[in-house]
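Worksheet: the structure to be examined is printed underneath.
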Amino acid sequence: MPIGWLIDWQTAPAPWVTLLAGLALYVVGVTRLRRRGRSWSRRRSATFLAGWGVLLIALCSPLAAHDESFPVHMVQHLLIGMLAPLLFALSAPITLALRVLRPVDRRSLVRILHSRAARALAFPPIGALIYTASLWTLYLTPLFAQTLDHPLLHEALHVHFLLVGCLFMWPLVGLDPVGSRSSMRVRIGVLLLALGSHAALAKLIYAGWMGGGLAHTLPTEDIHAGAQLMYYGGDAIDAALLVIFFAQWYARAGRALAHAERRSTGPSIPGMHPPARRAQARAAR
């Protein structure tokens, strides 16, 4: 099968150049780390490649040549703004950069991560608010209609989808160090409110509440199809996000419990049989 079927090199030069550059940076980082004798999780590399592939499909495949169609646009929204950020959050690119950068560059990156702006953006309610408000503004005002008439604004919308998606996903399930993950209660509340807001917006779009007169200019069947994709496709990605979120919480809780048990029991005698260790733990309590 010719590669031209997958990638339209002429109509989307900027996306594939940017995607190849991002892939090259990640591969170089992993290669340098392994040359130093340090391992890097294959699972993290796999999730990065999966996220890269999702963006490739959304921006450089024949799908991108028909994104003036509202259902196709909504598929792009799901891929660029939800699925790809989720996968990138699990690939830990910032952690990789911190391990391979020169000390002077590493210190600069750490200063950026610890800056007030970065800490504010890493606060889950802030990222969720930007993510949610931007989507409601896009579809319920004339802004989306403007992106259909101005190619540069249309391309900027794709970048926006990716950035706000990362702002939302990273503080919730990202493996990289962030300024503030907040408490579990706050994060769960933010997650549920954001997911509910996304579903509510899909229902409003289905009902024809679109800005810029698009409810009258776009075919009704396209609006309904796009809204259904947003609702059910968003639900599928949201389900994966919830599974990952609670799996991470369960793993962290297990590690914290094991650490607390080790501290409470104190050092065990080498070679001590398990019953004796349990007796030692009971005596310590």
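We label chains A, B, ... in the order they appear in the structure tokens, count residues from 1 in each chain, and number ligands from 1 in the order shown.
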I'd like the contact shell of Ile130 in chain A - 10 Å cut-off, only C-alpha atoms, skipping same-chain residues fewer than 2 positions apart - returned as a list in words. Leu121, Pro125, Ile126, Gly127, Ala128, Thr132, Ala133, Ser134, Leu135, Val164, Gly165, Leu167 and Phe168 of chain A
Restrict the selected residues to N, CA and C atoms and save them as a PDB file, in the first residue's frame.
ATOM      1  N   LEU A 121      -1.053  26.582  35.997  1.00  0.00           N
ATOM      2  CA  LEU A 121      -1.626  25.788  34.915  1.00  0.00           C
ATOM      3  C   LEU A 121      -1.713  24.312  35.282  1.00  0.00           C
ATOM      4  N   PRO A 125      -8.147  22.320  38.635  1.00  0.00           N
ATOM      5  CA  PRO A 125      -9.309  23.142  38.274  1.00  0.00           C
ATOM      6  C   PRO A 125      -9.010  24.167  37.185  1.00  0.00           C
ATOM      7  N   ILE A 126      -7.787  24.696  37.164  1.00  0.00           N
ATOM      8  CA  ILE A 126      -7.440  25.694  36.145  1.00  0.00           C
ATOM      9  C   ILE A 126      -7.401  25.050  34.765  1.00  0.00           C
ATOM     10  N   GLY A 127      -6.704  23.923  34.645  1.00  0.00           N
ATOM     11  CA  GLY A 127      -6.633  23.240  33.356  1.00  0.00           C
ATOM     12  C   GLY A 127      -7.999  22.803  32.867  1.00  0.00           C
ATOM     13  N   ALA A 128      -8.833  22.280  33.782  1.00  0.00           N
ATOM     14  CA  ALA A 128     -10.175  21.844  33.401  1.00  0.00           C
ATOM     15  C   ALA A 128     -11.040  23.018  32.975  1.00  0.00           C
ATOM     16  N   THR A 132     -12.655  23.294  29.308  1.00  0.00           N
ATOM     17  CA  THR A 132     -14.105  23.322  29.156  1.00  0.00           C
ATOM     18  C   THR A 132     -14.577  24.638  28.551  1.00  0.00           C
ATOM     19  N   ALA A 133     -14.088  25.756  29.077  1.00  0.00           N
ATOM     20  CA  ALA A 133     -14.542  27.060  28.594  1.00  0.00           C
ATOM     21  C   ALA A 133     -14.181  27.267  27.133  1.00  0.00           C
ATOM     22  N   SER A 134     -13.018  26.764  26.714  1.00  0.00           N
ATOM     23  CA  SER A 134     -12.609  26.958  25.320  1.00  0.00           C
ATOM     24  C   SER A 134     -13.524  26.201  24.362  1.00  0.00           C
ATOM     25  N   LEU A 135     -13.979  25.005  24.755  1.00  0.00           N
ATOM     26  CA  LEU A 135     -14.875  24.233  23.894  1.00  0.00           C
ATOM     27  C   LEU A 135     -16.250  24.890  23.792  1.00  0.00           C
ATOM     28  N   VAL A 164      -4.811  22.475  25.116  1.00  0.00           N
ATOM     29  CA  VAL A 164      -5.778  22.453  26.220  1.00  0.00           C
ATOM     30  C   VAL A 164      -6.053  21.022  26.672  1.00  0.00           C
ATOM     31  N   GLY A 165      -5.965  20.075  25.734  1.00  0.00           N
ATOM     32  CA  GLY A 165      -6.110  18.680  26.127  1.00  0.00           C
ATOM     33  C   GLY A 165      -5.001  18.248  27.068  1.00  0.00           C
ATOM     34  N   LEU A 167      -3.267  20.310  29.030  1.00  0.00           N
ATOM     35  CA  LEU A 167      -3.490  21.003  30.298  1.00  0.00           C
ATOM     36  C   LEU A 167      -4.500  20.268  31.165  1.00  0.00           C
ATOM     37  N   PHE A 168      -5.469  19.634  30.532  1.00  0.00           N
ATOM     38  CA  PHE A 168      -6.491  18.900  31.276  1.00  0.00           C
ATOM     39  C   PHE A 168      -5.981  17.537  31.743  1.00  0.00           C
TER      40      PHE A 168
END
Using only C-alpha atoms, tabulate the residues of range 107-198 of chain A lying at most 12 Å from any atom of range 24-46 of chain A, each with its closest atom pair and that distance in Å to one decimal, by chain and increasing residue number, as JSON lines.
{"residue": "A:Gly174", "atom": "CA", "partner": "A:Arg44", "partner_atom": "CA", "distance": 11.1}
{"residue": "A:Leu175", "atom": "CA", "partner": "A:Arg44", "partner_atom": "CA", "distance": 9.4}
{"residue": "A:Asp176", "atom": "CA", "partner": "A:Arg44", "partner_atom": "CA", "distance": 11.2}
Residue selection dump (C-alpha atoms) as a CSV table (one decimal), in the first residue's frame:
chain,number,residue,atom,x,y,z
A,174,GLY,CA,0.3,12.5,33.8
A,175,LEU,CA,3.5,10.7,34.9
A,176,ASP,CA,5.6,13.8,34.7
Hey, what does DSSP flag as alpha helix (DSSP H) within range 73-110 of chain A? Can you give it to me as a ChimeraX atom specification? /A:73-78,84-89,93-100,103-110
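From CA of Tyr139 in chain A back to CA of Gly211 in chain A, the distance works out to 6.2 Å.
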Once you count only C-alpha atoms, what closest atom pair and distance in Å to one decimal does each residue of range 49-129 of chain A within 10 Å of range 153-160 of chain A have, with rows by chain and rising residue number, as a tab-separated table?
residue	atom	partner	partner_atom	distance
A:Leu55	CA	A:His158	CA	9.9
A:Ala58	CA	A:His158	CA	9.5
A:Leu59	CA	A:His158	CA	8.4
A:Asp67	CA	A:His154	CA	9.8
A:Glu68	CA	A:His154	CA	9.7
A:His73	CA	A:His158	CA	10.0
A:Gln76	CA	A:His158	CA	8.2
A:His77	CA	A:His158	CA	7.9
A:Ile80	CA	A:His158	CA	7.0
A:Gly81	CA	A:His158	CA	8.1
Keeping N, CA and C atoms for every residue in the selection just given, could you write it to a file as a compact mmCIF listing (two decimals), in the first residue's frame?
# COMPACT_ATOMS: atom_id res chain seq x y z
N LEU A 55 -2.09 11.54 16.25
CA LEU A 55 -1.97 12.86 15.62
C LEU A 55 -1.70 12.73 14.12
N ALA A 58 -4.98 12.10 12.52
CA ALA A 58 -5.88 13.25 12.58
C ALA A 58 -5.46 14.38 11.66
N LEU A 59 -4.14 14.56 11.45
CA LEU A 59 -3.66 15.75 10.77
C LEU A 59 -3.07 15.49 9.39
N ASP A 67 -11.83 17.84 6.62
CA ASP A 67 -12.24 18.31 7.94
C ASP A 67 -13.14 19.53 7.89
N GLU A 68 -13.54 19.96 6.68
CA GLU A 68 -14.60 20.97 6.61
C GLU A 68 -15.95 20.36 6.95
N HIS A 73 -14.56 16.87 11.49
CA HIS A 73 -13.96 17.80 12.46
C HIS A 73 -14.09 17.25 13.88
N GLN A 76 -11.58 14.69 14.60
CA GLN A 76 -10.30 15.34 14.88
C GLN A 76 -10.26 15.88 16.31
N HIS A 77 -11.36 16.47 16.73
CA HIS A 77 -11.42 16.99 18.11
C HIS A 77 -11.15 15.88 19.12
N ILE A 80 -7.29 14.70 18.59
CA ILE A 80 -6.26 15.69 18.93
C ILE A 80 -6.43 16.21 20.35
N GLY A 81 -7.67 16.47 20.75
CA GLY A 81 -7.91 17.12 22.03
C GLY A 81 -8.12 16.20 23.20
Rank nothing, just name the residue among A:Leu148, A:Ala118, A:Val17, A:Ala89 nearest to Val178 in chain A, using only C-alpha atoms. A:Ala118
Test item: residues at most 8 Å from Gly212 in chain A, only C-alpha atoms, excluding those fewer than 6 positions along its chain, as a PyMOL selection string: chain A and resi 141-145
If you count only C-alpha atoms, which residues fall within 8 Å of Thr47 in chain A, apart from same-chain ones fewer than 5 positions away, as a short mmCIF file (atom, residue, chain, number, x, y, z; two decimals) with N, CA and C atoms, in the first residue's frame?
data_model
loop_
_atom_site.label_atom_id
_atom_site.label_comp_id
_atom_site.auth_asym_id
_atom_site.auth_seq_id
_atom_site.Cartn_x
_atom_site.Cartn_y
_atom_site.Cartn_z
N LEU A 87 -2.57 9.89 25.87
CA LEU A 87 -1.42 9.01 25.60
C LEU A 87 -0.10 9.71 25.90
N PHE A 88 0.01 10.98 25.53
CA PHE A 88 1.24 11.72 25.80
C PHE A 88 1.46 11.90 27.31
N LEU A 90 0.85 9.81 29.52
CA LEU A 90 1.36 8.54 30.04
C LEU A 90 2.75 8.20 29.52
N SER A 91 3.28 9.03 28.62
CA SER A 91 4.60 8.75 28.04
C SER A 91 5.73 9.50 28.73
#
Please determine, counting only C-alpha atoms, which residue among A:Leu214, A:Ala207, A:Leu163, A:Leu78 has the shortest atom-to-atom distance to Tyr232 in chain A.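 Going through A:Leu214, A:Ala207, A:Leu163, A:Leu78 one by one, the smallest distance to Tyr232 in chain A is for A:Leu78.
For the atom pair formed by CA of Ile244 in chain A and CA of Met169 in chain A, the distance is 11.0 Å, given to one decimal.
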Using only C-alpha atoms: which of A:Ala239, A:Met82, A:Leu172, A:Leu113 has the shortest distance to Thr95 in chain A: A:Leu113
Measuring between only C-alpha atoms, which one of A:Leu191, A:Val75, A:Ile94, A:Met184 shows the shortest distance to Ala227 in chain A? A:Val75
Could you jot down the CA of Cys60 in chain A to CA of Phe48 in chain A separation for me, Å, one decimal place?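 Straight-line distance from CA of Cys60 in chain A to CA of Phe48 in chain A works out to 17.4 Å.
Closest approach to Leu218 in chain A among A:Ser197, A:Ser61, A:Thr18, A:Ser69: A:Ser69, based on only C-alpha atoms.
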